[in-house]
Amino acid sequence: MTLTQLRYLIAIADSGLNITLAAERVHATQPGLSKQLKQLEEELGFQLFNRKGKSLDAITHAGSKVLERARAILAEVGNIQSVAANLRNEARGTLRIATTHTQARFALPGAIAALNRSYPEVSVHLQPAADAELLGLLESGGVDLAVVSTAGAPPAGVIALPAYRWQRRVVVPKEHPLATLERAPTLAELAAQPLVSYDSSLKPESSLRRAFESAGLQPQIAMTASDADLIKTYVRAGLGVGVLAEMALLATDSADLRILAADQLFAPCTTWIVLRKDSVLREFALAFITGFAPQLERKAVARHVSTGEAVEWPTAPTWRERAVKVTARPVAVKA
């Protein structure tokens, strides 16, 4: 059994059992990958996948057990490599981040640009995904960290560092009847309108949906998208009233949209930087974390991640407060 075989096994599972796609991801040939899989199965004495003709149809029960341990083994290999790189004071590498379109488009650029200035040999790879998929990407080892938002408790089973708090905003074209309001709209007024919001608003556990239901109302979701820019585009096209994160709104949007506060309508959200509990952080990853969330003290983060030491984190700033702190505080390079 080799680490290469375990990498191939994980690649197959993460590629939807598509051998061709898995081979591309690990920079191998399809015959070479198939040969390694066959050798691994022969050594173990059972099949890892059920076959249908020449294609893989499903992972077997035994295969799922092996896959779970393979992920743990390769995560530890990655940790050993991180320890070695840190001891060599190596300032190059790759940082893989899973996040939503809104975070990638509106919240992350400043922190990533600052990281690039301090660590020019570090490449950053963003893995866009829906909210429900982010923790899965992290747990599978596909990314080093995830940037996720919740309207309640932090994500469970992981290390969750509070980055900032944010509210939703209601947006309408300036000719829309709600645009004349000199106050925030009520939930009843919004329930009477077709709404355009994020894909997550369709889920029963959506905090937006729960807000309406707690008031005995049913929202009319006319359209959803994962892309905040698309939501604004379709609001402009007249499909409905937009409900989206405050960080997705730019100064230029007020030229043709009326932006209405909704702080009292929906529960505030917190954006978290999320890590696996077994993570060994590279120095540049630590620099990114404290650059993205300046209120987090770097040494405290390092101790918490490496030893599990309990830390009482400061209250996360609001989106507007954070913007000031990020601008004022550069990412530091390890001496």
# chains A, B, ... in the order shown; residues from 1 in each chain; ligands from 1
call {"tool": "residues_around", "arguments": {"residues": "Ala70 of chain A", "least_positions_apart": "5", "cutoff": "10 Å", "atoms": "only C-alpha atoms", "output": "VMD selection string"}}
result
chain A and resid 3 5 to 7 9 to 10 64 to 65 75 to 76
call {"tool": "write_last_selection", "arguments": {"atoms": "all heavy atoms", "output": "PDB file, in the first residue's frame"}}
result
ATOM      1  N   LEU A   3       1.158   5.770  -0.458  1.00  0.00           N
ATOM      2  CA  LEU A   3       0.424   7.033  -0.356  1.00  0.00           C
ATOM      3  C   LEU A   3      -0.190   7.412  -1.695  1.00  0.00           C
ATOM      4  O   LEU A   3      -1.278   7.990  -1.752  1.00  0.00           O
ATOM      5  CB  LEU A   3       1.367   8.138   0.130  1.00  0.00           C
ATOM      6  CG  LEU A   3       1.869   8.014   1.568  1.00  0.00           C
ATOM      7  CD1 LEU A   3       2.849   9.147   1.883  1.00  0.00           C
ATOM      8  CD2 LEU A   3       0.714   8.031   2.558  1.00  0.00           C
ATOM      9  N   GLN A   5      -1.448   5.391  -3.909  1.00  0.00           N
ATOM     10  CA  GLN A   5      -2.697   4.656  -4.065  1.00  0.00           C
ATOM     11  C   GLN A   5      -3.820   5.288  -3.248  1.00  0.00           C
ATOM     12  O   GLN A   5      -4.967   5.376  -3.701  1.00  0.00           O
ATOM     13  CB  GLN A   5      -2.487   3.200  -3.647  1.00  0.00           C
ATOM     14  CG  GLN A   5      -1.631   2.410  -4.618  1.00  0.00           C
ATOM     15  CD  GLN A   5      -1.282   1.031  -4.097  1.00  0.00           C
ATOM     16  OE1 GLN A   5      -1.310   0.787  -2.885  1.00  0.00           O
ATOM     17  NE2 GLN A   5      -0.946   0.116  -4.999  1.00  0.00           N
ATOM     18  N   LEU A   6      -3.491   5.754  -2.050  1.00  0.00           N
ATOM     19  CA  LEU A   6      -4.506   6.391  -1.215  1.00  0.00           C
ATOM     20  C   LEU A   6      -4.960   7.712  -1.819  1.00  0.00           C
ATOM     21  O   LEU A   6      -6.140   8.059  -1.764  1.00  0.00           O
ATOM     22  CB  LEU A   6      -3.965   6.605   0.196  1.00  0.00           C
ATOM     23  CG  LEU A   6      -3.574   5.328   0.958  1.00  0.00           C
ATOM     24  CD1 LEU A   6      -3.127   5.686   2.373  1.00  0.00           C
ATOM     25  CD2 LEU A   6      -4.718   4.337   0.989  1.00  0.00           C
ATOM     26  N   ARG A   7      -4.012   8.453  -2.396  1.00  0.00           N
ATOM     27  CA  ARG A   7      -4.377   9.706  -3.076  1.00  0.00           C
ATOM     28  C   ARG A   7      -5.312   9.429  -4.246  1.00  0.00           C
ATOM     29  O   ARG A   7      -6.285  10.151  -4.475  1.00  0.00           O
ATOM     30  CB  ARG A   7      -3.124  10.436  -3.564  1.00  0.00           C
ATOM     31  CG  ARG A   7      -2.287  11.056  -2.466  1.00  0.00           C
ATOM     32  CD  ARG A   7      -1.238  11.998  -3.036  1.00  0.00           C
ATOM     33  NE  ARG A   7      -0.405  12.556  -1.979  1.00  0.00           N
ATOM     34  CZ  ARG A   7       0.762  12.065  -1.595  1.00  0.00           C
ATOM     35  NH1 ARG A   7       1.266  11.000  -2.223  1.00  0.00           N
ATOM     36  NH2 ARG A   7       1.444  12.620  -0.620  1.00  0.00           N
ATOM     37  N   LEU A   9      -7.318   6.874  -4.577  1.00  0.00           N
ATOM     38  CA  LEU A   9      -8.612   6.458  -4.034  1.00  0.00           C
ATOM     39  C   LEU A   9      -9.455   7.673  -3.673  1.00  0.00           C
ATOM     40  O   LEU A   9     -10.644   7.754  -4.024  1.00  0.00           O
ATOM     41  CB  LEU A   9      -8.386   5.589  -2.793  1.00  0.00           C
ATOM     42  CG  LEU A   9      -9.627   5.258  -1.948  1.00  0.00           C
ATOM     43  CD1 LEU A   9     -10.616   4.433  -2.760  1.00  0.00           C
ATOM     44  CD2 LEU A   9      -9.216   4.528  -0.676  1.00  0.00           C
ATOM     45  N   ILE A  10      -8.855   8.636  -2.993  1.00  0.00           N
ATOM     46  CA  ILE A  10      -9.580   9.848  -2.601  1.00  0.00           C
ATOM     47  C   ILE A  10      -9.994  10.648  -3.831  1.00  0.00           C
ATOM     48  O   ILE A  10     -11.110  11.176  -3.904  1.00  0.00           O
ATOM     49  CB  ILE A  10      -8.710  10.697  -1.659  1.00  0.00           C
ATOM     50  CG1 ILE A  10      -8.517   9.967  -0.327  1.00  0.00           C
ATOM     51  CG2 ILE A  10      -9.329  12.078  -1.429  1.00  0.00           C
ATOM     52  CD1 ILE A  10      -7.494  10.595   0.585  1.00  0.00           C
ATOM     53  N   SER A  64     -15.829   2.606   1.938  1.00  0.00           N
ATOM     54  CA  SER A  64     -16.058   3.850   2.687  1.00  0.00           C
ATOM     55  C   SER A  64     -15.220   3.873   3.959  1.00  0.00           C
ATOM     56  O   SER A  64     -14.732   4.932   4.371  1.00  0.00           O
ATOM     57  CB  SER A  64     -17.547   4.006   3.012  1.00  0.00           C
ATOM     58  OG  SER A  64     -17.986   3.002   3.906  1.00  0.00           O
ATOM     59  N   LYS A  65     -15.026   2.693   4.573  1.00  0.00           N
ATOM     60  CA  LYS A  65     -14.190   2.617   5.775  1.00  0.00           C
ATOM     61  C   LYS A  65     -12.732   2.911   5.433  1.00  0.00           C
ATOM     62  O   LYS A  65     -12.038   3.637   6.155  1.00  0.00           O
ATOM     63  CB  LYS A  65     -14.304   1.229   6.408  1.00  0.00           C
ATOM     64  CG  LYS A  65     -15.685   0.881   6.925  1.00  0.00           C
ATOM     65  CD  LYS A  65     -16.067   1.757   8.105  1.00  0.00           C
ATOM     66  CE  LYS A  65     -17.388   1.322   8.726  1.00  0.00           C
ATOM     67  NZ  LYS A  65     -17.782   2.201   9.851  1.00  0.00           N
ATOM     68  N   ALA A  75      -4.159  13.568   5.595  1.00  0.00           N
ATOM     69  CA  ALA A  75      -4.196  14.814   6.369  1.00  0.00           C
ATOM     70  C   ALA A  75      -2.977  14.904   7.274  1.00  0.00           C
ATOM     71  O   ALA A  75      -2.360  15.968   7.413  1.00  0.00           O
ATOM     72  CB  ALA A  75      -5.478  14.875   7.200  1.00  0.00           C
ATOM     73  N   GLU A  76      -2.584  13.778   7.875  1.00  0.00           N
ATOM     74  CA  GLU A  76      -1.400  13.774   8.732  1.00  0.00           C
ATOM     75  C   GLU A  76      -0.124  13.971   7.920  1.00  0.00           C
ATOM     76  O   GLU A  76       0.822  14.615   8.370  1.00  0.00           O
ATOM     77  CB  GLU A  76      -1.321  12.478   9.531  1.00  0.00           C
ATOM     78  CG  GLU A  76      -2.213  12.471  10.758  1.00  0.00           C
ATOM     79  CD  GLU A  76      -1.925  13.672  11.656  1.00  0.00           C
ATOM     80  OE1 GLU A  76      -0.772  13.843  12.087  1.00  0.00           O
ATOM     81  OE2 GLU A  76      -2.859  14.467  11.890  1.00  0.00           O
TER      82      GLU A  76
END
call {"tool": "residues_around", "arguments": {"residues": "Trp319 of chain A", "least_positions_apart": "3", "cutoff": "9 Å", "atoms": "only C-alpha atoms", "output": "ChimeraX atom specification"}}
result
/A:164-167,246-247,322-323
call {"tool": "residues_around", "arguments": {"residues": "segment 265-275 of chain A", "least_positions_apart": "4", "cutoff": "9 Å", "atoms": "only C-alpha atoms", "output": "PyMOL selection string"}}
result
chain A and resi 103+135+138-139+144-155+158-168+184-187+207-208+210-212+261+279+289+292-293+305+316+318
call {"tool": "residues_around", "arguments": {"residues": "segment 34-45 of chain A", "least_positions_apart": "4", "cutoff": "10 Å", "atoms": "only C-alpha atoms", "output": "tab-separated table (two decimals) with all heavy atoms, in the first residue's frame"}}
result
chain	number	residue	atom	x	y	z
A	1	MET	N	0.85	-1.19	0.00
A	1	MET	CA	0.00	0.00	0.00
A	1	MET	C	0.89	1.24	0.00
A	1	MET	O	1.86	1.32	0.75
A	1	MET	CB	-0.90	0.01	1.23
A	1	MET	CG	-1.91	1.14	1.27
A	1	MET	SD	-2.82	1.16	2.83
A	1	MET	CE	-3.44	-0.53	2.88
A	2	THR	N	0.55	2.21	-0.85
A	2	THR	CA	1.36	3.43	-0.96
A	2	THR	C	0.49	4.66	-0.78
A	2	THR	O	-0.74	4.61	-0.94
A	2	THR	CB	2.05	3.50	-2.33
A	2	THR	OG1	1.03	3.68	-3.35
A	2	THR	CG2	2.86	2.26	-2.63
A	4	THR	N	0.49	7.08	-2.78
A	4	THR	CA	-0.04	7.38	-4.11
A	4	THR	C	-1.37	6.66	-4.33
A	4	THR	O	-2.34	7.25	-4.83
A	4	THR	CB	0.96	6.96	-5.20
A	4	THR	OG1	2.15	7.75	-5.07
A	4	THR	CG2	0.36	7.15	-6.59
A	5	GLN	N	-1.45	5.39	-3.91
A	5	GLN	CA	-2.70	4.66	-4.06
A	5	GLN	C	-3.82	5.29	-3.25
A	5	GLN	O	-4.97	5.38	-3.70
A	5	GLN	CB	-2.49	3.20	-3.65
A	5	GLN	CG	-1.63	2.41	-4.62
A	5	GLN	CD	-1.28	1.03	-4.10
A	5	GLN	OE1	-1.31	0.79	-2.88
A	5	GLN	NE2	-0.95	0.12	-5.00
A	6	LEU	N	-3.49	5.75	-2.05
A	6	LEU	CA	-4.51	6.39	-1.22
A	6	LEU	C	-4.96	7.71	-1.82
A	6	LEU	O	-6.14	8.06	-1.76
A	6	LEU	CB	-3.97	6.61	0.20
A	6	LEU	CG	-3.57	5.33	0.96
A	6	LEU	CD1	-3.13	5.69	2.37
A	6	LEU	CD2	-4.72	4.34	0.99
A	8	TYR	N	-5.02	8.38	-4.99
A	8	TYR	CA	-5.86	8.03	-6.13
A	8	TYR	C	-7.25	7.63	-5.66
A	8	TYR	O	-8.27	7.98	-6.28
A	8	TYR	CB	-5.23	6.89	-6.93
A	8	TYR	CG	-4.01	7.29	-7.74
A	8	TYR	CD1	-3.53	8.60	-7.73
A	8	TYR	CD2	-3.33	6.35	-8.53
A	8	TYR	CE1	-2.41	8.96	-8.48
A	8	TYR	CE2	-2.22	6.70	-9.29
A	8	TYR	CZ	-1.76	8.00	-9.26
A	8	TYR	OH	-0.66	8.36	-9.99
A	9	LEU	N	-7.32	6.87	-4.58
A	9	LEU	CA	-8.61	6.46	-4.03
A	9	LEU	C	-9.46	7.67	-3.67
A	9	LEU	O	-10.64	7.75	-4.02
A	9	LEU	CB	-8.39	5.59	-2.79
A	9	LEU	CG	-9.63	5.26	-1.95
A	9	LEU	CD1	-10.62	4.43	-2.76
A	9	LEU	CD2	-9.22	4.53	-0.68
A	12	ILE	N	-10.69	9.54	-6.79
A	12	ILE	CA	-11.83	8.88	-7.43
A	12	ILE	C	-13.13	9.21	-6.70
A	12	ILE	O	-14.14	9.56	-7.31
A	12	ILE	CB	-11.61	7.36	-7.48
A	12	ILE	CG1	-10.44	7.02	-8.41
A	12	ILE	CG2	-12.87	6.65	-7.95
A	12	ILE	CD1	-9.98	5.58	-8.31
A	19	ILE	N	-13.30	8.09	-13.35
A	19	ILE	CA	-11.87	7.78	-13.42
A	19	ILE	C	-11.11	8.81	-14.25
A	19	ILE	O	-10.00	9.23	-13.89
A	19	ILE	CB	-11.66	6.37	-14.02
A	19	ILE	CG1	-12.19	5.29	-13.07
A	19	ILE	CG2	-10.18	6.12	-14.33
A	19	ILE	CD1	-11.32	5.05	-11.87
A	20	THR	N	-11.70	9.24	-15.36
A	20	THR	CA	-11.03	10.22	-16.22
A	20	THR	C	-10.78	11.53	-15.48
A	20	THR	O	-9.68	12.08	-15.52
A	20	THR	CB	-11.87	10.48	-17.48
A	20	THR	OG1	-12.08	9.25	-18.18
A	20	THR	CG2	-11.17	11.48	-18.40
A	23	ALA	N	-8.13	11.09	-12.74
A	23	ALA	CA	-6.77	11.04	-13.29
A	23	ALA	C	-6.27	12.44	-13.61
A	23	ALA	O	-5.10	12.77	-13.36
A	23	ALA	CB	-6.76	10.17	-14.55
A	28	ALA	N	-2.37	12.03	-13.47
A	28	ALA	CA	-2.00	10.66	-13.82
A	28	ALA	C	-2.74	10.26	-15.09
A	28	ALA	O	-3.66	10.95	-15.54
A	28	ALA	CB	-2.36	9.71	-12.68
A	29	THR	N	-2.33	9.15	-15.68
A	29	THR	CA	-3.07	8.61	-16.81
A	29	THR	C	-4.22	7.75	-16.28
A	29	THR	O	-4.14	7.20	-15.18
A	29	THR	CB	-2.16	7.76	-17.70
A	29	THR	OG1	-1.73	6.60	-16.95
A	29	THR	CG2	-0.96	8.55	-18.18
A	30	GLN	N	-5.26	7.62	-17.07
A	30	GLN	CA	-6.39	6.81	-16.65
A	30	GLN	C	-5.99	5.34	-16.45
A	30	GLN	O	-6.35	4.74	-15.41
A	30	GLN	CB	-7.52	6.92	-17.67
A	30	GLN	CG	-8.78	6.17	-17.27
A	30	GLN	CD	-9.93	6.41	-18.24
A	30	GLN	OE1	-9.98	7.44	-18.90
A	30	GLN	NE2	-10.83	5.46	-18.34
A	49	PHE	N	-14.97	-0.46	-4.76
A	49	PHE	CA	-16.09	0.10	-5.52
A	49	PHE	C	-16.87	-1.02	-6.19
A	49	PHE	O	-16.29	-2.03	-6.62
A	49	PHE	CB	-15.58	1.07	-6.61
A	49	PHE	CG	-14.81	2.24	-6.08
A	49	PHE	CD1	-13.43	2.21	-6.03
A	49	PHE	CD2	-15.48	3.38	-5.64
A	49	PHE	CE1	-12.72	3.30	-5.52
A	49	PHE	CE2	-14.78	4.46	-5.15
A	49	PHE	CZ	-13.39	4.42	-5.09
A	63	GLY	N	-15.19	-0.04	1.28
A	63	GLY	CA	-14.46	1.06	0.65
A	63	GLY	C	-14.63	2.36	1.40
A	63	GLY	O	-13.68	3.15	1.52
A	66	VAL	N	-12.26	2.35	4.33
A	66	VAL	CA	-10.88	2.60	3.90
A	66	VAL	C	-10.69	4.05	3.51
A	66	VAL	O	-9.68	4.68	3.84
A	66	VAL	CB	-10.52	1.67	2.71
A	66	VAL	CG1	-9.13	2.02	2.17
A	66	VAL	CG2	-10.56	0.21	3.15
call {"tool": "closest_residue", "arguments": {"among": "A:Ile221, A:Val243, A:Leu115, A:Leu126", "to": "Val171 of chain A", "atoms": "only C-alpha atoms"}}
result
A:Val243
call {"tool": "closest_residue", "arguments": {"among": "A:Ile97, A:Ala104, A:Val26, A:Leu296", "to": "Ser123 of chain A", "atoms": "only C-alpha atoms"}}
result
A:Ile97
call {"tool": "residues_around", "arguments": {"residues": "Gly242 of chain A", "least_positions_apart": "3", "cutoff": "7 Å", "atoms": "only C-alpha atoms", "output": "list in words"}}
result
Val170, Val171, Val172, Leu195, Val196, Ser197, Ile231, Lys232 and Val235 of chain A
call {"tool": "closest_residue", "arguments": {"among": "A:Ala111, A:Ala22, A:Ala58, A:Val83", "to": "Val280 of chain A", "atoms": "only C-alpha atoms"}}
result
A:Val83
